[in-house]
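Dumped run36.cif below, it's mmCIF, C-alpha atoms:
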data_protein
#
loop_
_atom_site.group_PDB
_atom_site.id
_atom_site.type_symbol
_atom_site.label_atom_id
_atom_site.label_comp_id
_atom_site.auth_asym_id
_atom_site.auth_seq_id
_atom_site.Cartn_x
_atom_site.Cartn_y
_atom_site.Cartn_z
ATOM 1 C CA MET A 1 15.315 -60.126 -17.715
ATOM 2 C CA GLN A 2 16.202 -62.762 -20.269
ATOM 3 C CA THR A 3 19.895 -63.108 -21.108
ATOM 4 C CA ILE A 4 21.200 -63.558 -24.647
ATOM 5 C CA GLN A 5 22.232 -67.110 -23.772
ATOM 6 C CA THR A 6 18.777 -67.953 -22.424
ATOM 7 C CA LYS A 7 17.133 -66.475 -25.517
ATOM 8 C CA TRP A 8 19.236 -68.605 -27.894
ATOM 9 C CA ASP A 9 18.935 -71.731 -25.724
ATOM 10 C CA GLN A 10 15.137 -71.442 -26.024
ATOM 11 C CA ILE A 11 15.339 -70.913 -29.787
ATOM 12 C CA TYR A 12 17.529 -73.994 -30.286
ATOM 13 C CA GLN A 13 15.372 -76.136 -27.977
ATOM 14 C CA GLN A 14 12.476 -75.477 -30.370
ATOM 15 C CA HIS A 15 14.536 -75.796 -33.582
ATOM 16 C CA ASP A 16 13.869 -78.725 -35.913
ATOM 17 C CA GLY A 17 17.556 -79.697 -35.809
ATOM 18 C CA ALA A 18 18.196 -79.155 -39.515
ATOM 19 C CA LEU A 19 21.831 -78.364 -40.277
ATOM 20 C CA ASN A 20 21.995 -75.456 -42.691
ATOM 21 C CA VAL A 21 25.136 -74.469 -44.571
ATOM 22 C CA ALA A 22 25.729 -70.851 -45.561
ATOM 23 C CA GLU A 23 25.404 -70.279 -49.287
ATOM 24 C CA VAL A 24 28.714 -68.391 -49.384
ATOM 25 C CA LEU A 25 30.387 -71.597 -48.165
ATOM 26 C CA GLN A 26 28.351 -73.992 -50.327
ATOM 27 C CA ASN A 27 29.072 -72.011 -53.477
ATOM 28 C CA ASN A 28 32.769 -71.372 -52.816
ATOM 29 C CA HIS A 29 33.952 -74.433 -50.866
ATOM 30 C CA TYR A 30 36.450 -75.269 -53.602
ATOM 31 C CA LEU A 31 38.527 -72.283 -52.417
ATOM 32 C CA LEU A 32 39.069 -73.823 -48.962
ATOM 33 C CA PRO A 33 42.567 -74.990 -48.023
ATOM 34 C CA LYS A 34 43.103 -78.763 -48.033
ATOM 35 C CA ALA A 35 44.070 -78.687 -44.329
ATOM 36 C CA GLY A 36 44.140 -76.263 -41.440
ATOM 37 C CA VAL A 37 42.033 -74.919 -38.606
ATOM 38 C CA ALA A 38 38.625 -73.385 -39.255
ATOM 39 C CA LEU A 39 36.432 -71.451 -36.827
ATOM 40 C CA ASP A 40 32.646 -71.440 -37.176
ATOM 41 C CA LEU A 41 31.883 -68.299 -35.149
ATOM 42 C CA ALA A 42 28.424 -68.010 -33.554
ATOM 43 C CA CYS A 43 27.858 -71.461 -35.036
ATOM 44 C CA GLY A 44 24.352 -72.250 -33.852
ATOM 45 C CA LEU A 45 23.643 -75.934 -34.529
ATOM 46 C CA GLY A 46 26.844 -76.106 -36.562
ATOM 47 C CA GLY A 47 25.844 -76.901 -40.125
ATOM 48 C CA ASN A 48 28.860 -74.922 -41.330
ATOM 49 C CA ALA A 49 31.158 -76.625 -38.809
ATOM 50 C CA VAL A 50 30.032 -80.060 -40.002
ATOM 51 C CA PHE A 51 30.547 -79.033 -43.642
ATOM 52 C CA LEU A 52 34.051 -77.688 -42.906
ATOM 53 C CA ALA A 53 35.029 -80.832 -40.974
ATOM 54 C CA GLU A 54 33.772 -83.020 -43.824
ATOM 55 C CA LYS A 55 36.113 -81.050 -46.111
ATOM 56 C CA GLY A 56 39.062 -82.164 -43.951
ATOM 57 C CA LEU A 57 39.580 -79.128 -41.736
ATOM 58 C CA THR A 58 40.053 -79.221 -37.975
ATOM 59 C CA VAL A 59 37.099 -77.190 -36.718
ATOM 60 C CA LYS A 60 36.429 -75.012 -33.704
ATOM 61 C CA ALA A 61 32.752 -74.097 -33.285
ATOM 62 C CA TRP A 62 31.735 -71.426 -30.795
ATOM 63 C CA ASP A 63 28.306 -70.257 -29.733
ATOM 64 C CA ILE A 64 26.742 -68.680 -26.654
ATOM 65 C CA SER A 65 23.996 -71.328 -26.565
ATOM 66 C CA SER A 66 24.803 -74.433 -24.542
ATOM 67 C CA VAL A 67 21.820 -76.150 -26.178
ATOM 68 C CA ALA A 68 23.213 -75.584 -29.687
ATOM 69 C CA ILE A 69 26.727 -76.616 -28.659
ATOM 70 C CA GLY A 70 25.400 -79.776 -26.989
ATOM 71 C CA GLN A 71 23.539 -80.761 -30.147
ATOM 72 C CA LEU A 72 26.575 -80.016 -32.320
ATOM 73 C CA ALA A 73 28.900 -82.035 -30.068
ATOM 74 C CA SER A 74 26.503 -84.966 -30.343
ATOM 75 C CA THR A 75 26.322 -84.655 -34.141
ATOM 76 C CA ALA A 76 30.117 -84.468 -34.425
ATOM 77 C CA LYS A 77 30.552 -87.575 -32.258
ATOM 78 C CA GLN A 78 27.944 -89.541 -34.241
ATOM 79 C CA ARG A 79 29.640 -88.641 -37.530
ATOM 80 C CA GLY A 80 33.203 -89.034 -36.261
ATOM 81 C CA LEU A 81 34.132 -85.436 -37.119
ATOM 82 C CA ASP A 82 36.965 -83.352 -35.664
ATOM 83 C CA ILE A 83 34.911 -80.488 -34.194
ATOM 84 C CA ALA A 84 35.709 -78.823 -30.877
ATOM 85 C CA ALA A 85 32.301 -77.374 -29.949
ATOM 86 C CA THR A 86 32.558 -74.798 -27.168
ATOM 87 C CA VAL A 87 30.114 -72.519 -25.356
ATOM 88 C CA ARG A 88 31.697 -69.103 -25.738
ATOM 89 C CA ASP A 89 30.551 -65.492 -25.869
ATOM 90 C CA VAL A 90 32.403 -64.581 -29.060
ATOM 91 C CA VAL A 91 32.127 -60.831 -28.476
ATOM 92 C CA ALA A 92 33.540 -60.988 -24.949
ATOM 93 C CA GLU A 93 36.140 -63.617 -25.952
ATOM 94 C CA PRO A 94 37.140 -63.140 -29.598
ATOM 95 C CA PRO A 95 39.593 -65.527 -31.261
ATOM 96 C CA GLU A 96 43.297 -65.096 -30.636
ATOM 97 C CA ALA A 97 45.511 -63.419 -33.247
ATOM 98 C CA ASN A 98 46.887 -65.665 -36.017
ATOM 99 C CA SER A 99 45.030 -68.701 -34.662
ATOM 100 C CA VAL A 100 42.980 -69.970 -37.621
ATOM 101 C CA ASP A 101 43.199 -70.522 -41.363
ATOM 102 C CA VAL A 102 39.482 -70.012 -42.042
ATOM 103 C CA ILE A 103 36.680 -68.161 -40.269
ATOM 104 C CA LEU A 104 33.040 -68.660 -41.206
ATOM 105 C CA VAL A 105 30.383 -66.242 -39.921
ATOM 106 C CA SER A 106 26.755 -66.740 -40.898
ATOM 107 C CA HIS A 107 23.746 -64.700 -39.769
ATOM 108 C CA PHE A 108 25.646 -62.916 -37.017
ATOM 109 C CA LEU A 109 26.782 -59.307 -36.904
ATOM 110 C CA ALA A 110 28.889 -57.646 -34.200
ATOM 111 C CA ARG A 111 30.734 -54.838 -35.949
ATOM 112 C CA GLU A 112 33.087 -54.290 -33.013
ATOM 113 C CA LEU A 113 34.392 -57.839 -33.519
ATOM 114 C CA CYS A 114 35.556 -57.333 -37.123
ATOM 115 C CA PRO A 115 39.131 -56.155 -36.334
ATOM 116 C CA ALA A 116 39.623 -59.187 -34.065
ATOM 117 C CA LEU A 117 38.396 -61.510 -36.827
ATOM 118 C CA ILE A 118 40.899 -60.058 -39.284
ATOM 119 C CA ALA A 119 43.678 -60.412 -36.686
ATOM 120 C CA ALA A 120 42.692 -64.035 -35.937
ATOM 121 C CA ILE A 121 43.140 -65.183 -39.535
ATOM 122 C CA LYS A 122 46.629 -66.326 -40.465
ATOM 123 C CA PRO A 123 48.234 -64.635 -43.503
ATOM 124 C CA GLY A 124 46.760 -66.213 -46.642
ATOM 125 C CA GLY A 125 43.736 -67.410 -44.668
ATOM 126 C CA LEU A 126 40.102 -66.918 -45.632
ATOM 127 C CA LEU A 127 37.003 -65.255 -44.221
ATOM 128 C CA PHE A 128 33.578 -66.472 -45.369
ATOM 129 C CA TYR A 129 30.870 -64.074 -44.175
ATOM 130 C CA GLN A 130 27.128 -64.003 -44.888
ATOM 131 C CA THR A 131 24.462 -62.019 -43.077
ATOM 132 C CA TYR A 132 21.340 -59.906 -43.461
ATOM 133 C CA CYS A 133 21.085 -56.438 -45.010
ATOM 134 C CA GLN A 134 18.885 -53.423 -44.363
ATOM 135 C CA GLN A 135 17.675 -53.543 -47.983
ATOM 136 C CA LYS A 136 15.409 -56.593 -47.844
ATOM 137 C CA VAL A 137 12.574 -57.679 -50.097
ATOM 138 C CA ASP A 138 10.704 -59.359 -47.211
ATOM 139 C CA ASP A 139 10.679 -59.634 -43.419
ATOM 140 C CA VAL A 140 13.146 -62.514 -43.045
ATOM 141 C CA GLY A 141 15.993 -62.079 -40.534
ATOM 142 C CA PRO A 142 16.461 -59.549 -37.762
ATOM 143 C CA LYS A 143 14.361 -56.423 -37.496
ATOM 144 C CA ASN A 144 16.797 -54.477 -35.319
ATOM 145 C CA PRO A 145 18.982 -52.285 -37.592
ATOM 146 C CA ASP A 146 21.967 -52.945 -35.300
ATOM 147 C CA TYR A 147 22.043 -56.453 -36.796
ATOM 148 C CA LEU A 148 21.519 -55.440 -40.428
ATOM 149 C CA LEU A 149 24.218 -54.355 -42.863
ATOM 150 C CA ALA A 150 23.999 -51.010 -44.609
ATOM 151 C CA ASP A 151 24.505 -50.995 -48.378
ATOM 152 C CA ASN A 152 28.026 -52.320 -49.145
ATOM 153 C CA GLU A 153 28.949 -52.205 -45.457
ATOM 154 C CA LEU A 154 30.323 -55.749 -45.388
ATOM 155 C CA ARG A 155 32.970 -54.847 -47.983
ATOM 156 C CA HIS A 156 34.014 -51.838 -45.931
ATOM 157 C CA LEU A 157 34.201 -53.726 -42.628
ATOM 158 C CA PHE A 158 36.841 -56.010 -44.163
ATOM 159 C CA SER A 159 38.434 -53.588 -46.638
ATOM 160 C CA GLU A 160 41.985 -54.421 -45.543
ATOM 161 C CA MET A 161 41.522 -57.964 -46.818
ATOM 162 C CA LYS A 162 41.692 -59.056 -50.469
ATOM 163 C CA LEU A 163 38.157 -59.352 -51.808
ATOM 164 C CA ARG A 164 37.688 -62.663 -53.658
ATOM 165 C CA VAL A 165 33.894 -63.012 -53.834
ATOM 166 C CA TYR A 166 31.195 -60.472 -53.025
ATOM 167 C CA ARG A 167 27.478 -60.581 -53.628
ATOM 168 C CA GLU A 168 24.799 -58.134 -52.551
ATOM 169 C CA GLU A 169 21.862 -57.678 -54.896
ATOM 170 C CA ALA A 170 19.922 -55.210 -52.743
ATOM 171 C CA LEU A 171 16.615 -54.227 -54.363
ATOM 172 C CA LEU A 172 17.705 -54.358 -57.997
ATOM 173 C CA GLY A 173 15.715 -56.038 -60.737
ATOM 174 C CA GLU A 174 13.293 -58.922 -60.280
ATOM 175 C CA HIS A 175 12.905 -59.445 -56.522
ATOM 176 C CA THR A 176 11.707 -63.040 -56.827
ATOM 177 C CA MET A 177 15.023 -64.139 -58.330
ATOM 178 C CA GLY A 178 18.604 -64.281 -57.082
ATOM 179 C CA MET A 179 19.994 -63.969 -53.588
ATOM 180 C CA ARG A 180 17.976 -61.416 -51.658
ATOM 181 C CA ASN A 181 18.106 -59.978 -48.150
ATOM 182 C CA GLN A 182 21.758 -60.864 -47.504
ATOM 183 C CA ALA A 183 25.320 -60.025 -48.457
ATOM 184 C CA TRP A 184 28.167 -62.512 -48.939
ATOM 185 C CA LEU A 185 31.852 -61.907 -48.681
ATOM 186 C CA LEU A 186 34.818 -64.188 -49.201
ATOM 187 C CA ALA A 187 38.108 -62.432 -48.483
ATOM 188 C CA GLU A 188 41.741 -63.450 -48.149
ATOM 189 C CA LYS A 189 44.110 -62.028 -45.557
ATOM 190 C CA PRO A 190 47.193 -60.681 -47.329
ATOM 191 C CA LYS A 191 50.357 -62.704 -46.868
ATOM 192 C CA LEU A 192 53.213 -61.022 -45.046
#
What would the structure in this file look like if it were written as structure tokens?
Amino acid sequence: MQTIQTKWDQIYQQHDGALNVAEVLQNNHYLLPKAGVALDLACGLGGNAVFLAEKGLTVKAWDISSVAIGQLASTAKQRGLDIAATVRDVVAEPPEANSVDVILVSHFLARELCPALIAAIKPGGLLFYQTYCQQKVDDVGPKNPDYLLADNELRHLFSEMKLRVYREEALLGEHTMGMRNQAWLLAEKPKL
């Protein structure tokens, strides 16, 4: 039987190598702190990690795929970026409490990990989260409902944080326009 790591290693071996940046991060990068530690969780090839490092943050990038991490480490070295790329099963080994200023999660959903993510963010720190929803206008993204957000679920998963930006258009209006198939959240951990 194929393991999760083997599955993702095969996917990244066939990937074109393009570094994609989550729209929630692209559109709200001006809210990032000027310095600090950021974690790109389930980073894949690390487009978000590269973006965060280019904004001056010290970046940790974790993914279960050794292929993706190898490619990211090479990219970071070539560009002279401060990215610690590590092979890590983020569900089995979540981040430590109060260890980062920013967490970015894109196209990954493990609901059981959400409390650990909140705990990992330092007071005043930020969570950027973007992933797929059950209400989709086409077949893009996962098909398994375990990896798809219910309507407004992302807000509820992180309800103890201060909501700063939220976008989820669902099936409203003209389906060919706007941001479809996904939800975005940018939230701040309350200061003590």
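Note that the spacing between atom CA of A:Gln130 and atom CA of A:Val21 amounts to 10.7 Å.
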From the options A:Leu117, A:Ala187, A:Cys133, A:Ala35, which residue's atoms come nearest to A:Asp146, counting all atoms listed in the file?
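Closest to A:Asp146 of all the choices is A:Cys133.
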Can you list every residue of stretch 100-170 of chain A that has an atom at most 12 Å from stretch 25-28 of chain A, with its nearest atom pair and the distance in Å to one decimal, using all atoms listed in the file, ordered by chain then number, as CSV?
residue,atom,partner,partner_atom,distance
A:Val102,CA,A:Leu25,CA,11.1
A:Ile103,CA,A:Leu25,CA,10.7
A:Leu104,CA,A:Leu25,CA,8.0
A:Val105,CA,A:Leu25,CA,9.8
A:Ser106,CA,A:Leu25,CA,9.5
A:Leu126,CA,A:Leu25,CA,11.1
A:Leu127,CA,A:Leu25,CA,10.0
A:Phe128,CA,A:Leu25,CA,6.7
A:Tyr129,CA,A:Leu25,CA,8.5
A:Gln130,CA,A:Leu25,CA,8.9
A:Arg164,CA,A:Asn28,CA,10.0
A:Val165,CA,A:Asn28,CA,8.5
A:Tyr166,CA,A:Asn28,CA,11.0
A:Arg167,CA,A:Asn27,CA,11.5
Near A:Ile83, counting all atoms listed in the file, which residues have an atom at most 7 Å away, once you skip same-chain residues fewer than 6 positions from it, shown as a PyMOL selection string?
chain A and resi 53+58-61+76
Residues within 12 Å of A:His107, all atoms listed in the file, excluding chain neighbours under 2 positions, as a short mmCIF file (atom, residue, chain, number, x, y, z; two decimals) with C-alpha atoms, keeping the file's coordinate frame:
data_model
loop_
_atom_site.label_atom_id
_atom_site.label_comp_id
_atom_site.auth_asym_id
_atom_site.auth_seq_id
_atom_site.Cartn_x
_atom_site.Cartn_y
_atom_site.Cartn_z
CA ASN A 20 22.00 -75.46 -42.69
CA VAL A 21 25.14 -74.47 -44.57
CA ALA A 22 25.73 -70.85 -45.56
CA GLU A 23 25.40 -70.28 -49.29
CA VAL A 24 28.71 -68.39 -49.38
CA ASP A 40 32.65 -71.44 -37.18
CA LEU A 41 31.88 -68.30 -35.15
CA ALA A 42 28.42 -68.01 -33.55
CA CYS A 43 27.86 -71.46 -35.04
CA GLY A 44 24.35 -72.25 -33.85
CA ASN A 48 28.86 -74.92 -41.33
CA LEU A 104 33.04 -68.66 -41.21
CA VAL A 105 30.38 -66.24 -39.92
CA LEU A 109 26.78 -59.31 -36.90
CA ALA A 110 28.89 -57.65 -34.20
CA PHE A 128 33.58 -66.47 -45.37
CA TYR A 129 30.87 -64.07 -44.18
CA GLN A 130 27.13 -64.00 -44.89
CA THR A 131 24.46 -62.02 -43.08
CA TYR A 132 21.34 -59.91 -43.46
CA CYS A 133 21.08 -56.44 -45.01
CA VAL A 140 13.15 -62.51 -43.04
CA GLY A 141 15.99 -62.08 -40.53
CA PRO A 142 16.46 -59.55 -37.76
CA TYR A 147 22.04 -56.45 -36.80
CA LEU A 148 21.52 -55.44 -40.43
CA LEU A 149 24.22 -54.36 -42.86
CA ASN A 181 18.11 -59.98 -48.15
CA GLN A 182 21.76 -60.86 -47.50
CA ALA A 183 25.32 -60.02 -48.46
CA TRP A 184 28.17 -62.51 -48.94
#
Given the PyMOL selection byres ((chain A and resi 34) around 8) and the file above, list the residues it selects as a PDB file with C-alpha atoms, in the frame of the given file.
ATOM      1  CA  LEU A  32      39.069 -73.823 -48.962  1.00  0.00           C
ATOM      2  CA  PRO A  33      42.567 -74.990 -48.023  1.00  0.00           C
ATOM      3  CA  ALA A  35      44.070 -78.687 -44.329  1.00  0.00           C
ATOM      4  CA  GLY A  36      44.140 -76.263 -41.440  1.00  0.00           C
ATOM      5  CA  LYS A  55      36.113 -81.050 -46.111  1.00  0.00           C
ATOM      6  CA  GLY A  56      39.062 -82.164 -43.951  1.00  0.00           C
ATOM      7  CA  LEU A  57      39.580 -79.128 -41.736  1.00  0.00           C
TER       8      LEU A  57
END
Which residue out of A:Ala68, A:Gln135, A:Trp62, A:Leu39 has the minimum interatomic distance to A:Asp9 when all atoms listed in the file are used?
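For A:Asp9, the nearest of the given residues is A:Ala68.
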Name the residues in contact with A:Gly125 at a cut-off of 6 Å, using only C-alpha atoms, excluding same-chain residues fewer than 6 positions from it; report them as a list of chain:residue names.
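Once the adjacent positions are removed, what remains is A:Asp101, A:Val102, A:Glu188, A:Lys189.
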With C-alpha atoms retained, could you export that selection as a PDB file, in the coordinates of the input?
ATOM      1  CA  ASP A 101      43.199 -70.522 -41.363  1.00  0.00           C
ATOM      2  CA  VAL A 102      39.482 -70.012 -42.042  1.00  0.00           C
ATOM      3  CA  GLU A 188      41.741 -63.450 -48.149  1.00  0.00           C
ATOM      4  CA  LYS A 189      44.110 -62.028 -45.557  1.00  0.00           C
TER       5      LYS A 189
END
Name the residues that the PyMOL selection byres ((chain A and resi 12) around 9) picks from the file above, as a short mmCIF file (atom, residue, chain, number, x, y, z; two decimals) with C-alpha atoms, in the frame of the given file, using the file's chain letters and numbers.
data_model
loop_
_atom_site.label_atom_id
_atom_site.label_comp_id
_atom_site.auth_asym_id
_atom_site.auth_seq_id
_atom_site.Cartn_x
_atom_site.Cartn_y
_atom_site.Cartn_z
CA LYS A 7 17.13 -66.47 -25.52
CA TRP A 8 19.24 -68.60 -27.89
CA ASP A 9 18.93 -71.73 -25.72
CA GLN A 10 15.14 -71.44 -26.02
CA ILE A 11 15.34 -70.91 -29.79
CA GLN A 13 15.37 -76.14 -27.98
CA GLN A 14 12.48 -75.48 -30.37
CA HIS A 15 14.54 -75.80 -33.58
CA ASP A 16 13.87 -78.72 -35.91
CA GLY A 17 17.56 -79.70 -35.81
CA GLY A 44 24.35 -72.25 -33.85
CA LEU A 45 23.64 -75.93 -34.53
CA SER A 65 24.00 -71.33 -26.56
CA VAL A 67 21.82 -76.15 -26.18
CA ALA A 68 23.21 -75.58 -29.69
#
Coordinates-based distance that separates atom CA of A:Lys143 from atom CA of A:Leu185 (Å, one decimal)
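Going from atom CA of A:Leu185 over to atom CA of A:Lys143 covers 21.5 Å.
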